file my_file_7.cif (mmCIF, C-alpha atoms and all ligand atoms)
data_target
loop_
_atom_site.label_atom_id
_atom_site.label_comp_id
_atom_site.auth_asym_id
_atom_site.auth_seq_id
_atom_site.Cartn_x
_atom_site.Cartn_y
_atom_site.Cartn_z
CA MET A 1 9.90 46.84 14.63
CA ILE A 2 7.01 47.81 16.91
CA PRO A 3 6.20 45.34 19.70
CA GLU A 4 2.78 43.76 19.25
CA LYS A 5 1.64 45.01 22.70
CA ASP A 6 2.31 48.67 21.74
CA LEU A 7 0.61 48.21 18.40
CA LYS A 8 -2.47 46.96 20.21
CA ILE A 9 -2.47 49.97 22.59
CA PHE A 10 -2.09 52.23 19.55
CA LYS A 11 -5.09 50.68 17.79
CA VAL A 12 -7.28 50.92 20.89
CA ASN A 13 -6.38 54.59 21.28
CA GLN A 14 -7.19 55.29 17.67
CA MET A 15 -10.63 53.81 18.30
CA ILE A 16 -11.18 55.95 21.39
CA ASN A 17 -10.09 59.03 19.47
CA ASP A 18 -12.76 58.44 16.87
CA PHE A 19 -15.38 60.99 17.86
CA ASN A 20 -18.21 58.82 16.66
CA THR A 21 -17.24 55.82 18.74
CA GLN A 22 -19.93 54.69 21.11
CA VAL A 23 -18.40 54.08 24.53
CA GLY A 24 -19.63 52.53 27.76
CA ASP A 25 -22.94 50.92 28.54
CA ASP A 26 -25.39 53.75 29.12
CA HIS A 27 -22.78 56.47 28.73
CA LEU A 28 -23.04 57.19 25.03
CA TYR A 29 -20.57 59.60 23.57
CA THR A 30 -22.40 62.78 22.68
CA GLY A 31 -19.96 64.88 20.65
CA LEU A 32 -17.13 67.26 21.40
CA GLU A 33 -19.17 70.31 22.36
CA THR A 34 -21.14 70.35 25.59
CA PRO A 35 -24.77 70.48 24.39
CA MET A 36 -25.96 73.97 25.32
CA LYS A 37 -29.07 75.97 24.45
CA LYS A 38 -28.59 79.01 22.22
CA ASP A 39 -29.91 81.28 24.96
CA ALA A 40 -27.81 79.65 27.72
CA PHE A 41 -26.62 83.01 29.04
CA LYS A 42 -29.83 85.00 28.75
CA LEU A 43 -30.17 84.81 32.53
CA SER A 44 -27.49 86.35 34.72
CA ASP A 45 -25.73 84.16 37.28
CA LYS A 46 -27.77 85.85 39.98
CA GLU A 47 -31.04 85.04 38.20
CA LYS A 48 -29.92 81.46 37.60
CA LYS A 49 -29.21 80.94 41.30
CA LYS A 50 -32.62 82.32 42.22
CA ARG A 51 -34.43 79.97 39.82
CA ILE A 52 -32.37 76.90 40.70
CA SER A 53 -33.00 77.55 44.38
CA VAL A 54 -36.78 77.62 43.80
CA LEU A 55 -36.66 74.49 41.65
CA PHE A 56 -34.43 72.57 44.04
CA GLU A 57 -36.70 73.47 46.91
CA GLU A 58 -39.52 71.88 44.92
CA ILE A 59 -37.51 68.68 44.41
CA MET A 60 -36.92 68.50 48.16
CA GLU A 61 -40.60 69.12 48.85
CA VAL A 62 -41.69 66.46 46.40
CA LEU A 63 -39.33 64.07 48.18
CA GLY A 64 -41.26 64.88 51.34
CA LEU A 65 -38.55 66.83 53.17
CA ASP A 66 -39.53 69.45 55.74
CA LEU A 67 -38.07 72.74 54.47
CA THR A 68 -38.81 74.47 57.77
CA ASN A 69 -36.19 72.27 59.43
CA ASP A 70 -33.13 74.26 60.45
CA SER A 71 -30.70 71.92 58.77
CA LEU A 72 -32.61 71.79 55.46
CA LYS A 73 -33.93 75.28 54.93
CA GLY A 74 -30.68 76.70 53.55
CA THR A 75 -30.04 73.76 51.21
CA PRO A 76 -31.82 75.09 48.07
CA ASN A 77 -29.74 78.29 48.17
CA ARG A 78 -26.57 76.37 48.91
CA VAL A 79 -27.13 73.98 46.01
CA ALA A 80 -27.93 76.85 43.62
CA LYS A 81 -24.78 78.73 44.60
CA MET A 82 -22.66 75.58 44.34
CA TYR A 83 -24.04 74.74 40.86
CA VAL A 84 -23.53 78.19 39.34
CA ASP A 85 -20.39 79.43 41.12
CA GLU A 86 -18.51 76.18 41.60
CA ILE A 87 -19.22 72.75 40.16
CA PHE A 88 -20.85 73.94 36.89
CA SER A 89 -18.97 77.23 36.52
CA GLY A 90 -17.13 75.80 33.51
CA LEU A 91 -20.31 76.04 31.42
CA ASN A 92 -19.76 79.78 31.19
CA PRO A 93 -17.00 80.79 28.76
CA ALA A 94 -16.50 83.92 30.88
CA ASN A 95 -14.87 81.62 33.46
CA LYS A 96 -12.37 80.14 31.03
CA PRO A 97 -8.82 80.55 32.42
CA LYS A 98 -6.77 83.28 30.82
CA ILE A 99 -3.67 81.70 29.33
CA THR A 100 -0.39 83.39 28.60
CA LEU A 101 2.27 81.59 26.63
CA PHE A 102 6.02 82.00 26.74
CA ASP A 103 8.64 81.51 24.06
CA ASN A 104 10.41 78.20 24.30
CA ASN A 105 13.73 79.83 25.23
CA TYR A 106 15.06 76.63 26.75
CA GLN A 107 15.01 74.93 23.36
CA TYR A 108 13.38 71.99 25.14
CA ASN A 109 12.03 69.78 22.41
CA GLN A 110 10.94 66.62 24.20
CA MET A 111 7.53 65.89 25.70
CA LEU A 112 6.50 67.73 28.84
CA VAL A 113 4.21 65.68 31.07
CA GLU A 114 2.08 67.12 33.89
CA LYS A 115 0.85 64.04 35.70
CA ASN A 116 -1.63 63.36 38.51
CA ILE A 117 -3.72 66.52 38.08
CA SER A 118 -6.55 65.80 40.49
CA PHE A 119 -9.99 66.96 39.46
CA HIS A 120 -13.68 66.73 40.34
CA SER A 121 -16.48 66.69 37.81
CA ASN A 122 -20.06 65.46 37.64
CA CYS A 123 -21.65 62.84 35.42
CA GLU A 124 -24.21 64.47 33.12
CA HIS A 125 -26.43 61.38 33.21
CA HIS A 126 -26.87 61.19 36.97
CA PHE A 127 -25.46 64.47 38.35
CA VAL A 128 -23.20 62.65 40.79
CA PRO A 129 -19.42 63.08 41.09
CA ILE A 130 -16.70 61.85 38.80
CA PHE A 131 -13.25 62.31 40.27
CA GLY A 132 -9.75 61.21 39.51
CA LYS A 133 -6.49 62.16 37.90
CA ALA A 134 -5.70 63.70 34.55
CA HIS A 135 -2.30 63.46 32.91
CA VAL A 136 -1.55 65.90 30.12
CA ALA A 137 1.47 66.12 27.85
CA TYR A 138 2.62 68.22 24.94
CA ILE A 139 5.61 68.78 22.71
CA SER A 140 6.27 72.49 22.20
CA ALA A 141 5.89 73.93 18.72
CA GLY A 142 7.68 77.10 19.84
CA LYS A 143 5.56 78.18 22.79
CA VAL A 144 5.35 76.90 26.35
CA ILE A 145 2.55 77.25 28.87
CA GLY A 146 2.73 77.91 32.63
CA LEU A 147 2.41 74.55 34.39
CA SER A 148 -0.46 75.57 36.68
CA LYS A 149 -2.43 76.61 33.58
CA LEU A 150 -2.60 72.95 32.60
CA ASN A 151 -4.37 72.25 35.90
CA ARG A 152 -6.69 75.22 35.33
CA ILE A 153 -7.70 73.98 31.87
CA VAL A 154 -8.51 70.55 33.31
CA HIS A 155 -10.54 72.12 36.14
CA TYR A 156 -12.44 74.43 33.78
CA TYR A 157 -13.70 71.61 31.56
CA ALA A 158 -14.32 69.38 34.58
CA SER A 159 -16.64 72.05 36.03
CA ARG A 160 -19.49 71.01 33.77
CA PRO A 161 -21.92 68.13 33.67
CA GLN A 162 -19.66 65.73 31.79
CA VAL A 163 -18.97 62.37 30.26
CA GLN A 164 -15.35 61.34 30.64
CA GLU A 165 -14.82 60.82 26.93
CA ARG A 166 -15.88 64.37 26.15
CA LEU A 167 -13.85 65.82 29.02
CA THR A 168 -10.75 64.10 27.62
CA ASN A 169 -11.28 65.45 24.12
CA GLN A 170 -12.24 68.96 25.24
CA ILE A 171 -9.00 69.30 27.22
CA ALA A 172 -7.00 67.98 24.24
CA GLU A 173 -8.68 70.32 21.75
CA GLU A 174 -8.12 73.30 24.03
CA LEU A 175 -4.43 72.47 24.43
CA LYS A 176 -4.03 71.99 20.68
CA HIS A 177 -5.69 75.33 20.05
CA ILE A 178 -3.68 77.25 22.67
CA LEU A 179 -0.29 75.69 21.91
CA GLY A 180 -0.72 75.67 18.14
CA THR A 181 0.22 72.03 17.80
CA GLU A 182 -1.36 68.64 17.27
CA ASP A 183 1.23 67.11 19.58
CA VAL A 184 -0.78 66.78 22.78
CA ALA A 185 -1.87 63.82 24.86
CA VAL A 186 -4.48 63.54 27.61
CA ILE A 187 -5.11 60.52 29.80
CA ILE A 188 -7.83 60.47 32.44
CA ASP A 189 -8.30 57.82 35.10
CA ALA A 190 -11.45 58.46 37.10
CA LYS A 191 -14.00 57.01 39.44
CA HIS A 192 -17.69 57.49 38.68
CA LEU A 193 -20.03 57.58 41.66
CA CYS A 194 -22.89 56.63 39.35
CA VAL A 195 -21.11 53.28 39.07
CA SER A 196 -20.02 52.91 42.72
CA SER A 197 -22.77 54.52 44.83
CA ARG A 198 -25.75 53.33 42.80
CA GLY A 199 -26.63 50.99 39.94
CA ILE A 200 -24.06 48.23 39.68
CA LYS A 201 -22.37 49.46 42.92
CA ASP A 202 -18.85 48.60 41.89
CA GLU A 203 -16.45 50.16 44.39
CA SER A 204 -13.16 49.29 42.74
CA SER A 205 -13.45 50.00 39.02
CA THR A 206 -12.03 53.13 37.42
CA THR A 207 -12.45 54.37 33.86
CA ILE A 208 -9.51 55.29 31.65
CA THR A 209 -9.77 57.43 28.54
CA SER A 210 -7.04 58.86 26.36
CA TYR A 211 -6.29 61.19 23.51
CA TYR A 212 -3.05 60.92 21.55
CA GLY A 213 -2.59 63.64 18.91
CA GLY A 214 0.14 64.24 16.33
CA LYS A 215 3.52 62.84 17.36
CA PHE A 216 1.87 61.13 20.35
CA GLY A 217 0.21 58.77 17.89
CA ALA A 218 3.53 56.97 17.40
CA PRO A 219 3.74 53.74 19.44
CA GLU A 220 7.19 54.68 20.82
CA LYS A 221 5.84 58.04 22.10
CA ILE A 222 2.89 56.27 23.71
CA ALA A 223 5.29 53.82 25.33
CA GLU A 224 7.51 56.70 26.57
CA LEU A 225 4.53 58.56 28.02
CA GLN A 226 3.15 55.46 29.69
CA ASN A 227 6.56 54.83 31.19
CA TYR A 228 6.52 58.30 32.80
CA LEU A 229 3.05 57.67 34.17
CA LYS A 230 4.09 54.52 36.00
CA ASP A 231 4.07 55.16 39.73
ZN ZN A 301 -23.50 58.49 35.25
#

call {"tool": "encode", "arguments": {"input": "my_file_7.cif", "output": "structure tokens", "more": "lines below"}}
Ligand SMILES: [Zn+2]
result
Amino acid sequence: MIPEKDLKIFKVNQMINDFNTQVGDDHLYTGLETPMKKDAFKLSDKEKKKRISVLFEEIMEVLGLDLTNDSLKGTPNRVAKMYVDEIFSGLNPANKPKITLFDNNYQYNQMLVEKNISFHSNCEHHFVPIFGKAHVAYISAGKVIGLSKLNRIVHYYASRPQVQERLTNQIAEELKHILGTEDVAVIIDAKHLCVSSRGIKDESSTTITSYYGGKFGAPEKIAELQNYLKD
């Protein structure tokens, strides 16, 4: 007999997992793939930085900033470098972490949970930070993955303009693909600066999203996982 509370959590998660679900107020879910142009990699990283620098300089000029000022003159280059090499580096599949798997020699057949993976991303609607913690879990189907690789997968998908719902599902799909199993779970609890530093200016709210695949769809597995995630 499944407790009513767990059944409710299960139903809510099923709804979130529905790719077509519309979530949030102005943060509409936009599909699993990050929307990219076909010719996204026609320009080299070097060329991209050059163009972004010119364009960002124009934004600053339009805002009325004095680009001859010592403190400001390096900003367009800094922003361009930061966009391409750091905070949006996950747009380029060439930067995807290389994953090696190991045989599950330990015969460990319960869930493995990597919790409190801290990450930084950016909201694709406002280009301001999203940051928080991701918790990922899987049940081995014969292979195991190095623990730090779980962090790297989270960081790779976070290094894109994102919506939290898509980030959650992209991490889950990648884990399913790599580990050859449906039995993965991803929970993200994050703060959106577009909610706290502007607009509604709510300082305290966080957003939670989840993906429960395969065996993690069972209410008792959800309850077990949530128990591990309790502080
Ligand atoms: Zn936003």

call {"tool": "residues_around", "arguments": {"input": "my_file_7.cif", "residues": "stretch 102-113 of chain A", "least_positions_apart": "6", "cutoff": "7 Å", "atoms": "only C-alpha atoms", "output": "VMD selection string"}}
result
chain A and resid 136 to 140 142 to 145

call {"tool": "closest_residue", "arguments": {"input": "my_file_7.cif", "among": "A:Thr206, A:Thr34, A:Gln162, A:Thr100", "to": "ligand ZN 301 (chain A)", "atoms": "all atoms listed in the file"}}
result
A:Gln162

call {"tool": "atom_distance", "arguments": {"input": "my_file_7.cif", "atom1": "atom CA of A:Pro35", "atom2": "atom CA of A:Ile200"}}
result
27.0 Å

call {"tool": "atom_distance", "arguments": {"input": "my_file_7.cif", "atom1": "atom CA of A:Ser44", "atom2": "atom CA of A:Ile99"}}
result
24.9 Å

call {"tool": "residues_around", "arguments": {"input": "my_file_7.cif", "residues": "A:Leu167", "least_positions_apart": "6", "cutoff": "12 Å", "atoms": "only C-alpha atoms", "output": "count of residues only"}}
result
36

call {"tool": "residues_near_point", "arguments": {"input": "my_file_7.cif", "point": "(-21.1, 60.7, 44.4)", "cutoff": "8 Å", "atoms": "all atoms listed in the file", "output": "PyMOL selection string"}}
result
chain A and resi 128-130+192-194+197
